[in-house]
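Engineer: Below is target_36.csv; it holds CSV, C-alpha atoms.
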chain,number,residue,atom,x,y,z
A,1,ARG,CA,9.5,-36.4,27.9
A,2,ALA,CA,5.8,-37.0,27.0
A,3,PRO,CA,5.5,-40.9,27.1
A,4,PHE,CA,1.8,-40.9,26.1
A,5,MET,CA,-1.1,-38.8,24.9
A,6,THR,CA,-4.8,-39.0,25.6
A,7,CYS,CA,-7.5,-37.4,23.5
A,8,HIS,CA,-11.2,-37.3,24.7
A,9,ILE,CA,-13.8,-36.8,22.0
A,10,GLY,CA,-17.6,-36.4,22.4
A,11,LEU,CA,-19.5,-37.6,19.4
A,12,VAL,CA,-22.2,-35.4,17.9
A,13,ALA,CA,-25.9,-36.2,18.5
A,14,ALA,CA,-25.3,-37.6,22.0
A,15,SER,CA,-23.4,-40.6,20.7
A,16,PRO,CA,-21.1,-42.5,23.1
A,17,ARG,CA,-17.9,-40.8,24.2
A,18,ILE,CA,-14.7,-42.1,22.7
A,19,ASN,CA,-11.3,-42.2,24.5
A,20,ILE,CA,-8.3,-42.5,22.3
A,21,THR,CA,-4.9,-43.3,23.9
A,22,SER,CA,-1.7,-43.4,21.9
A,23,GLN,CA,1.3,-44.9,23.7
A,24,ARG,CA,5.0,-44.9,22.8
A,25,GLY,CA,5.5,-47.2,19.9
A,26,ALA,CA,1.9,-47.3,18.8
A,27,ARG,CA,1.1,-47.4,15.1
A,28,ASN,CA,-0.9,-44.8,13.2
A,29,ILE,CA,-4.6,-44.8,13.8
A,30,SER,CA,-7.2,-44.9,11.0
A,31,PHE,CA,-10.9,-43.8,11.3
A,32,ARG,CA,-14.1,-44.1,9.4
A,33,GLN,CA,-15.7,-40.9,7.9
A,34,THR,CA,-18.1,-40.3,10.8
A,35,ARG,CA,-18.2,-36.7,11.8
A,36,VAL,CA,-17.3,-35.6,15.3
A,37,GLY,CA,-17.4,-32.3,17.3
A,38,ILE,CA,-14.2,-31.3,19.0
A,39,GLN,CA,-13.7,-29.0,22.0
A,40,HIS,CA,-10.5,-27.7,23.4
A,41,SER,CA,-10.2,-25.6,26.6
A,42,GLY,CA,-14.0,-25.1,26.6
A,43,ARG,CA,-14.1,-23.6,23.1
A,44,SER,CA,-15.6,-25.5,20.1
A,45,GLN,CA,-13.2,-26.3,17.3
A,46,GLY,CA,-15.9,-27.3,14.8
A,47,ASN,CA,-16.8,-30.6,13.2
A,48,ILE,CA,-14.2,-32.8,11.4
A,49,THR,CA,-14.3,-36.4,10.2
A,50,LEU,CA,-12.7,-39.2,12.2
A,51,SER,CA,-10.2,-39.6,9.4
A,52,GLU,CA,-9.2,-35.9,9.8
A,53,LEU,CA,-9.0,-36.4,13.5
A,54,GLY,CA,-6.8,-39.4,13.1
A,55,LYS,CA,-4.4,-37.3,11.0
A,56,LYS,CA,-4.4,-34.7,13.8
A,57,VAL,CA,-3.7,-37.3,16.5
A,58,ASN,CA,-0.9,-38.9,14.5
A,59,SER,CA,0.7,-35.5,13.7
A,60,SER,CA,0.5,-34.5,17.3
A,61,TRP,CA,2.0,-37.8,18.4
A,62,ARG,CA,4.9,-37.5,16.0
A,63,PHE,CA,5.6,-34.1,17.5
A,64,TYR,CA,5.3,-35.0,21.2
A,65,ARG,CA,7.3,-38.2,21.0
A,66,LYS,CA,10.3,-36.1,20.1
A,67,MET,CA,9.9,-33.8,23.1
A,68,HIS,CA,12.8,-33.5,25.5
A,69,TRP,CA,11.4,-31.2,28.1
A,70,MET,CA,8.1,-30.2,29.6
A,71,ALA,CA,7.2,-27.4,32.0
A,72,SER,CA,3.8,-26.1,33.2
A,73,ALA,CA,2.3,-23.4,35.5
A,74,ALA,CA,-1.1,-22.8,37.0
A,75,GLY,CA,-3.4,-19.9,36.5
A,76,ARG,CA,-4.7,-18.2,39.6
A,77,ALA,CA,-7.7,-16.4,41.1
A,78,ASP,CA,-7.2,-13.5,43.4
A,79,LEU,CA,-9.0,-13.9,46.7
A,80,LEU,CA,-8.2,-10.6,48.5
A,81,ASN,CA,-7.2,-7.1,47.4
A,82,THR,CA,-7.5,-7.3,43.7
A,83,HIS,CA,-5.1,-4.9,41.9
A,84,GLN,CA,-3.6,-3.8,45.2
A,85,ASP,CA,-0.3,-5.6,44.8
A,86,TYR,CA,1.3,-2.8,42.8
A,87,LYS,CA,0.5,-0.4,45.6
A,88,GLY,CA,2.5,-2.5,48.0
A,89,LEU,CA,-0.4,-4.0,49.8
A,90,PRO,CA,-0.7,-7.8,50.7
A,91,VAL,CA,-2.8,-10.0,48.4
A,92,VAL,CA,-4.0,-13.6,48.6
A,93,SER,CA,-3.8,-15.9,45.5
A,94,ALA,CA,-5.5,-19.2,44.9
A,95,ALA,CA,-4.0,-21.4,42.2
A,96,ARG,CA,-6.4,-22.7,39.6
A,97,ASN,CA,-6.6,-26.3,38.3
A,98,MET,CA,-6.1,-24.9,34.8
A,99,ARG,CA,-2.6,-24.9,33.6
A,100,THR,CA,-0.3,-23.6,30.8
A,101,THR,CA,2.0,-26.3,29.6
A,102,ILE,CA,5.1,-26.0,27.3
A,103,TYR,CA,6.6,-28.9,25.5
A,104,ALA,CA,10.0,-28.4,24.0
A,105,ARG,CA,12.8,-30.2,22.1
A,106,GLU,CA,16.2,-29.4,20.7
A,107,TYR,CA,16.3,-26.9,17.8
A,108,THR,CA,18.8,-25.0,15.6
A,109,SER,CA,21.8,-23.9,17.7
A,110,GLY,CA,21.4,-20.5,19.3
A,111,LEU,CA,17.7,-20.0,18.4
A,112,ILE,CA,14.5,-20.2,20.4
A,113,LYS,CA,11.3,-20.9,18.5
A,114,ILE,CA,8.0,-20.8,20.4
A,115,MET,CA,4.5,-21.6,19.0
A,116,SER,CA,1.1,-21.0,20.6
A,117,GLN,CA,-1.4,-23.7,19.8
A,118,THR,CA,-4.1,-21.6,21.5
A,119,LEU,CA,-3.4,-18.4,19.5
A,120,GLY,CA,-2.1,-20.0,16.3
A,121,GLN,CA,1.0,-17.8,16.4
A,122,GLU,CA,4.8,-18.4,16.5
A,123,ASP,CA,7.9,-16.4,17.3
A,124,GLU,CA,11.6,-17.0,16.9
A,125,PHE,CA,14.6,-15.2,18.4
A,126,GLY,CA,18.2,-15.7,19.2
A,127,VAL,CA,19.6,-16.9,22.6
A,128,PRO,CA,21.1,-13.6,23.9
A,129,ASP,CA,24.8,-13.2,24.9
A,130,VAL,CA,25.4,-11.9,28.5
A,131,GLY,CA,24.4,-8.2,28.5
A,132,GLU,CA,22.6,-8.4,25.2
A,133,GLN,CA,19.2,-6.8,25.0
A,134,LEU,CA,16.4,-8.7,23.1
A,135,GLU,CA,14.2,-6.5,21.0
A,136,LEU,CA,10.4,-6.8,21.7
A,137,ARG,CA,7.9,-6.8,18.8
A,138,PRO,CA,5.3,-4.0,18.6
A,139,GLY,CA,1.9,-4.4,20.2
A,140,ASN,CA,0.6,-7.1,22.5
A,141,TRP,CA,2.6,-9.9,20.8
A,142,PHE,CA,2.6,-13.2,22.7
A,143,GLY,CA,6.2,-13.9,21.9
A,144,ASN,CA,7.3,-10.8,23.9
A,145,TYR,CA,6.6,-12.7,27.1
A,146,ALA,CA,9.1,-15.4,26.2
A,147,ARG,CA,11.5,-12.8,25.0
A,148,ALA,CA,11.3,-10.8,28.2
A,149,VAL,CA,11.7,-13.9,30.4
A,150,THR,CA,14.7,-14.9,28.3
A,151,GLN,CA,16.2,-11.4,28.7
A,152,VAL,CA,15.9,-11.6,32.5
A,153,LEU,CA,17.2,-15.1,32.9
A,154,LEU,CA,19.9,-15.4,30.2
A,155,SER,CA,21.4,-12.0,29.6
A,156,SER,CA,22.6,-11.7,33.2
A,157,ARG,CA,24.4,-15.0,33.6
A,158,PHE,CA,26.7,-17.2,31.6
A,159,HIS,CA,25.1,-20.0,29.7
A,160,PRO,CA,25.8,-22.3,26.7
A,161,GLN,CA,25.2,-20.5,23.4
A,162,SER,CA,25.0,-23.8,21.4
A,163,VAL,CA,21.6,-24.7,22.8
A,164,GLY,CA,18.5,-24.3,20.7
A,165,ILE,CA,14.8,-24.8,21.7
A,166,GLN,CA,11.6,-25.4,19.8
A,167,ALA,CA,8.6,-25.1,22.1
A,168,GLU,CA,4.9,-25.4,21.8
A,169,VAL,CA,2.5,-23.7,24.3
A,170,ARG,CA,-0.8,-25.3,25.1
A,171,SER,CA,-3.0,-23.5,27.7
A,172,GLU,CA,-6.2,-24.2,29.6
A,173,VAL,CA,-6.1,-20.8,31.2
A,174,PRO,CA,-8.6,-18.4,29.6
A,175,ILE,CA,-7.0,-15.4,28.0
A,176,SER,CA,-7.8,-11.8,29.2
A,177,SER,CA,-10.1,-13.2,31.9
A,178,GLY,CA,-8.3,-12.0,35.0
A,179,LEU,CA,-6.9,-15.5,35.7
A,180,ALA,CA,-3.2,-14.7,35.1
A,181,SER,CA,-2.8,-16.3,31.7
A,182,SER,CA,0.3,-14.2,30.9
A,183,ALA,CA,1.9,-15.0,34.2
A,184,ALA,CA,1.3,-18.7,33.7
A,185,LEU,CA,3.1,-18.4,30.3
A,186,GLU,CA,6.0,-16.5,31.9
A,187,VAL,CA,6.4,-18.9,34.8
A,188,ALA,CA,6.1,-22.0,32.6
A,189,PHE,CA,8.7,-20.6,30.1
A,190,ALA,CA,11.0,-19.5,33.0
A,191,SER,CA,10.7,-23.0,34.4
A,192,LEU,CA,11.6,-24.5,31.0
A,193,LEU,CA,14.7,-22.3,30.6
A,194,ASN,CA,15.7,-23.1,34.2
A,195,ARG,CA,15.7,-26.8,33.3
A,196,VAL,CA,17.2,-26.6,29.8
A,197,PHE,CA,20.1,-24.3,30.8
A,198,SER,CA,20.5,-25.8,34.3
A,199,LEU,CA,20.1,-22.5,36.1
A,200,GLY,CA,19.3,-24.0,39.5
A,201,LEU,CA,16.5,-21.5,40.3
A,202,SER,CA,14.0,-21.9,43.1
A,203,ARG,CA,10.2,-21.4,42.6
A,204,ARG,CA,10.5,-18.0,44.3
A,205,GLU,CA,13.4,-17.0,42.0
A,206,ILE,CA,11.4,-18.1,39.0
A,207,ALA,CA,8.4,-16.0,40.2
A,208,GLU,CA,10.6,-12.9,40.7
A,209,ALA,CA,12.3,-13.4,37.3
A,210,SER,CA,8.8,-13.6,35.7
A,211,TYR,CA,7.7,-10.5,37.5
A,212,LYS,CA,10.7,-8.5,36.3
A,213,ALA,CA,10.2,-9.7,32.8
A,214,GLU,CA,6.6,-8.3,32.7
A,215,ARG,CA,7.2,-5.2,34.8
A,216,GLU,CA,10.8,-4.1,33.9
A,217,VAL,CA,11.3,-5.5,30.4
A,218,MET,CA,7.8,-5.2,29.0
A,219,GLY,CA,6.9,-2.1,31.0
A,220,ILE,CA,3.5,-3.5,32.1
A,221,PRO,CA,2.3,-2.0,35.5
A,222,CYS,CA,1.8,-5.3,37.3
A,223,GLY,CA,2.5,-6.3,40.9
A,224,ARG,CA,3.8,-9.7,42.1
A,225,LEU,CA,0.3,-11.3,42.6
A,226,ASP,CA,0.1,-13.1,39.3
A,227,GLN,CA,3.7,-14.4,38.9
A,228,TYR,CA,4.1,-15.5,42.6
A,229,GLY,CA,0.6,-17.0,42.7
A,230,SER,CA,1.3,-19.1,39.6
A,231,ALA,CA,4.8,-20.2,40.7
A,232,LEU,CA,4.1,-20.9,44.3
A,233,GLY,CA,0.7,-22.4,43.9
A,234,GLY,CA,-1.9,-23.3,46.6
A,235,LEU,CA,-3.5,-20.6,48.7
A,236,THR,CA,-0.8,-18.0,49.3
A,237,ILE,CA,-0.4,-14.7,51.1
A,238,ILE,CA,2.0,-12.4,49.1
A,239,GLU,CA,3.5,-9.4,50.8
A,240,ASN,CA,4.4,-6.7,48.3
A,241,ARG,CA,6.9,-4.7,50.3
A,242,PRO,CA,10.5,-5.8,50.9
A,243,PRO,CA,11.5,-8.5,51.8
A,244,TYR,CA,8.3,-9.7,49.9
A,245,HIS,CA,7.4,-12.4,52.4
A,246,THR,CA,5.1,-15.2,51.2
A,247,GLU,CA,3.1,-17.8,53.2
A,248,VAL,CA,1.2,-20.8,52.0
A,249,LEU,CA,-2.0,-21.2,53.8
A,250,LYS,CA,-3.9,-24.4,54.8
A,251,GLY,CA,-6.7,-24.5,52.3
A,252,LYS,CA,-7.7,-28.2,52.5
A,253,GLY,CA,-11.4,-28.7,52.0
A,254,LEU,CA,-12.0,-25.3,50.5
A,255,PHE,CA,-13.8,-25.1,47.1
A,256,PHE,CA,-14.1,-21.9,45.0
A,257,VAL,CA,-16.2,-21.3,41.9
A,258,VAL,CA,-14.9,-18.8,39.3
A,259,VAL,CA,-17.6,-17.4,37.0
A,260,ASP,CA,-16.7,-15.8,33.6
A,261,SER,CA,-18.3,-12.4,33.4
A,262,GLY,CA,-17.5,-12.2,29.7
A,263,ILE,CA,-15.6,-8.9,30.2
A,264,ARG,CA,-12.1,-9.0,28.7
A,265,HIS,CA,-9.2,-7.0,30.1
A,266,ALA,CA,-5.4,-6.9,30.1
A,267,THR,CA,-3.1,-5.9,32.9
A,268,SER,CA,-1.3,-3.5,30.5
A,269,SER,CA,-4.5,-1.4,30.5
A,270,ILE,CA,-4.6,-1.0,34.3
A,271,HIS,CA,-2.5,1.7,35.9
A,272,PRO,CA,-1.7,2.2,39.6
A,273,VAL,CA,-3.6,5.0,41.3
Starting from the file, lay out its structure as structure tokens.
Structural biologist:
Amino acid sequence: RAPFMTCHIGLVAASPRINITSQRGARNISFRQTRVGIQHSGRSQGNITLSELGKKVNSSWRFYRKMHWMASAAGRADLLNTHQDYKGLPVVSAARNMRTTIYAREYTSGLIKIMSQTLGQEDEFGVPDVGEQLELRPGNWFGNYARAVTQVLLSSRFHPQSVGIQAEVRSEVPISSGLASSAALEVAFASLLNRVFSLGLSRREIAEASYKAEREVMGIPCGRLDQYGSALGGLTIIENRPPYHTEVLKGKGLFFVVVDSGIRHATSSIHPV
């Protein structure tokens, strides 16, 4: 559950910073018509009035106070052997301090609805029976990642059909920037299903399921770097030949700076040589 929510706002024209905290049971918040500038995940969301902001905060609070589950996963930076994992070579992953978080609550029986706050898109599909194939939507549709993970985790094992999930995705991981935004979504959603359906999966099993979702179901030529790096966290060596050994390294006291080159790419556009 999400017991509280904190919103940090920087006022325009170098005015003092305001911290707004809404706790369980708090009443609606009202604001004067002063205009503020809002930023989320490093991108400007434009100027709105404090009254409009208050409505957003109250609306979000009404949503989050009804949440039953939460799952998150980290983005990652690749430290060694970029794009060599699908060739079977070892790679080193460093988890980022930016995460993709999914909040979820109960929904209509047998349906999964997932919304992306970052992209402003939503998808809905049925909980599959054992052996049932979920249909993917055309193009680079964000909902296909959730569909593929659901396919891998639920179509191969018995699970309650009466469960329904409404989920909202909020991500700090930049999209198409080589920081495993899609893997963070897959791992977070797999972790959510693991909890909701009591599947009892380990972090490594979640990583492998997420890898199969992207590679086998979606047909994207990825290796295990992204999914394993996101699921296992830390500074990790990932062997990409059976038995796919992993080792978490001691990285205490190490600091890495990741610079955005501005060049956008997707794993689906990269093919093994």
Engineer: For A:Thr100, which residue out of A:Glu205, A:Asp260, A:Glu216, A:Glu172 is the nearest one, using all atoms listed in the file?
Structural biologist: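 Closest candidate: A:Glu172.
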Engineer: Go through A:Asn144, A:Ser93, A:Ser162, A:Gln133 one by one, measure the shortest atom-to-atom distance of each to A:Ala77 using all atoms listed in the file, and give the residue with the smallest value.
Structural biologist: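 Under the stated criterion, the closest residue is A:Ser93.
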Engineer: As an exercise, work out the distance from atom CA of A:Glu186 to atom CA of A:Gly120 in Å and give it to one decimal place.
Structural biologist: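 It comes out at 17.9 Å.
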Engineer: Report the closest atom pair, with its distance in Å rounded to one decimal, for each residue of stretch 117-187 of chain A that has an atom no farther than 10 Å from stretch 226-242 of chain A; count only C-alpha atoms, sort by chain and then rising residue number, and write it as CSV.
Structural biologist:
residue,atom,partner,partner_atom,distance
A:Gly178,CA,A:Asp226,CA,9.5
A:Leu179,CA,A:Asp226,CA,8.2
A:Ala180,CA,A:Asp226,CA,5.6
A:Ser181,CA,A:Asp226,CA,8.7
A:Ser182,CA,A:Asp226,CA,8.5
A:Ala183,CA,A:Gln227,CA,5.1
A:Ala184,CA,A:Ser230,CA,5.9
A:Leu185,CA,A:Ser230,CA,9.5
A:Glu186,CA,A:Gln227,CA,7.7
A:Val187,CA,A:Ala231,CA,6.2
Engineer: For C-alpha atoms, I'd like the residues from the last selection saved as a JSON list (two decimals), in the frame of the given file.
Structural biologist:
[["chain", "number", "residue", "atom", "x", "y", "z"],
["A", 178, "GLY", "CA", -8.30, -12.00, 35.00],
["A", 179, "LEU", "CA", -6.90, -15.50, 35.70],
["A", 180, "ALA", "CA", -3.20, -14.70, 35.10],
["A", 181, "SER", "CA", -2.80, -16.30, 31.70],
["A", 182, "SER", "CA", 0.30, -14.20, 30.90],
["A", 183, "ALA", "CA", 1.90, -15.00, 34.20],
["A", 184, "ALA", "CA", 1.30, -18.70, 33.70],
["A", 185, "LEU", "CA", 3.10, -18.40, 30.30],
["A", 186, "GLU", "CA", 6.00, -16.50, 31.90],
["A", 187, "VAL", "CA", 6.40, -18.90, 34.80]]
Engineer: Would you please work out which residue, of A:Met67, A:Val248, A:Phe255, A:Leu225, is nearest to A:Leu80 when using all atoms listed in the file?
Structural biologist: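 Of A:Met67, A:Val248, A:Phe255, A:Leu225, the one nearest A:Leu80, counting all atoms listed in the file, is A:Leu225.
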Engineer: May I ask for the distance between atom CA of A:Lys113 and atom CA of A:Leu193, given in Å to one decimal place?
Structural biologist: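 These atoms are spaced 12.6 Å apart.
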Engineer: Since the input lacks atoms, please generate N, CA, C and O atoms for stretch 215-232 of chain A and provide them as a CSV table (one decimal), keeping the file's coordinate frame.
Structural biologist:
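Result file part-v6.csv:
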chain,number,residue,atom,x,y,z
A,215,ARG,N,7.2,-6.6,34.3
A,215,ARG,CA,7.2,-5.2,34.8
A,215,ARG,C,8.4,-4.4,34.3
A,215,ARG,O,8.2,-3.2,33.8
A,216,GLU,N,9.6,-4.9,34.3
A,216,GLU,CA,10.8,-4.1,33.9
A,216,GLU,C,11.1,-4.1,32.5
A,216,GLU,O,11.5,-3.1,31.9
A,217,VAL,N,11.0,-5.3,31.9
A,217,VAL,CA,11.3,-5.5,30.4
A,217,VAL,C,10.2,-5.0,29.5
A,217,VAL,O,10.4,-4.2,28.6
A,218,MET,N,9.0,-5.5,29.8
A,218,MET,CA,7.8,-5.2,29.0
A,218,MET,C,7.1,-3.9,29.4
A,218,MET,O,6.4,-3.3,28.6
A,219,GLY,N,7.4,-3.4,30.6
A,219,GLY,CA,6.9,-2.1,31.0
A,219,GLY,C,5.4,-2.2,31.4
A,219,GLY,O,4.7,-1.2,31.4
A,220,ILE,N,4.9,-3.4,31.7
A,220,ILE,CA,3.5,-3.5,32.1
A,220,ILE,C,3.3,-3.2,33.6
A,220,ILE,O,4.1,-3.8,34.4
A,221,PRO,N,2.4,-2.4,34.1
A,221,PRO,CA,2.3,-2.0,35.5
A,221,PRO,C,1.7,-3.0,36.3
A,221,PRO,O,0.6,-2.8,36.9
A,222,CYS,N,2.3,-4.2,36.5
A,222,CYS,CA,1.8,-5.3,37.3
A,222,CYS,C,2.5,-5.3,38.7
A,222,CYS,O,3.5,-4.7,38.9
A,223,GLY,N,1.9,-6.0,39.6
A,223,GLY,CA,2.5,-6.3,40.9
A,223,GLY,C,3.0,-7.7,40.8
A,223,GLY,O,3.1,-8.3,39.8
A,224,ARG,N,3.2,-8.3,42.0
A,224,ARG,CA,3.8,-9.7,42.1
A,224,ARG,C,2.7,-10.8,42.2
A,224,ARG,O,3.0,-11.9,42.3
A,225,LEU,N,1.4,-10.4,42.4
A,225,LEU,CA,0.3,-11.3,42.6
A,225,LEU,C,0.3,-12.4,41.6
A,225,LEU,O,0.3,-13.6,41.9
A,226,ASP,N,0.3,-12.1,40.3
A,226,ASP,CA,0.1,-13.1,39.3
A,226,ASP,C,1.3,-14.1,39.2
A,226,ASP,O,1.1,-15.3,39.2
A,227,GLN,N,2.5,-13.6,39.1
A,227,GLN,CA,3.7,-14.4,38.9
A,227,GLN,C,3.9,-15.3,40.2
A,227,GLN,O,4.2,-16.5,40.1
A,228,TYR,N,3.8,-14.7,41.4
A,228,TYR,CA,4.1,-15.5,42.6
A,228,TYR,C,2.9,-16.5,42.8
A,228,TYR,O,3.2,-17.6,43.3
A,229,GLY,N,1.7,-16.1,42.6
A,229,GLY,CA,0.6,-17.0,42.7
A,229,GLY,C,0.7,-18.2,41.8
A,229,GLY,O,0.4,-19.3,42.2
A,230,SER,N,1.2,-18.0,40.6
A,230,SER,CA,1.3,-19.1,39.6
A,230,SER,C,2.5,-20.0,40.0
A,230,SER,O,2.4,-21.2,39.9
A,231,ALA,N,3.6,-19.4,40.4
A,231,ALA,CA,4.8,-20.2,40.7
A,231,ALA,C,4.8,-20.9,42.0
A,231,ALA,O,5.2,-22.1,42.1
A,232,LEU,N,4.2,-20.3,43.0
A,232,LEU,CA,4.1,-20.9,44.3
A,232,LEU,C,2.9,-21.9,44.5
A,232,LEU,O,3.0,-22.8,45.3
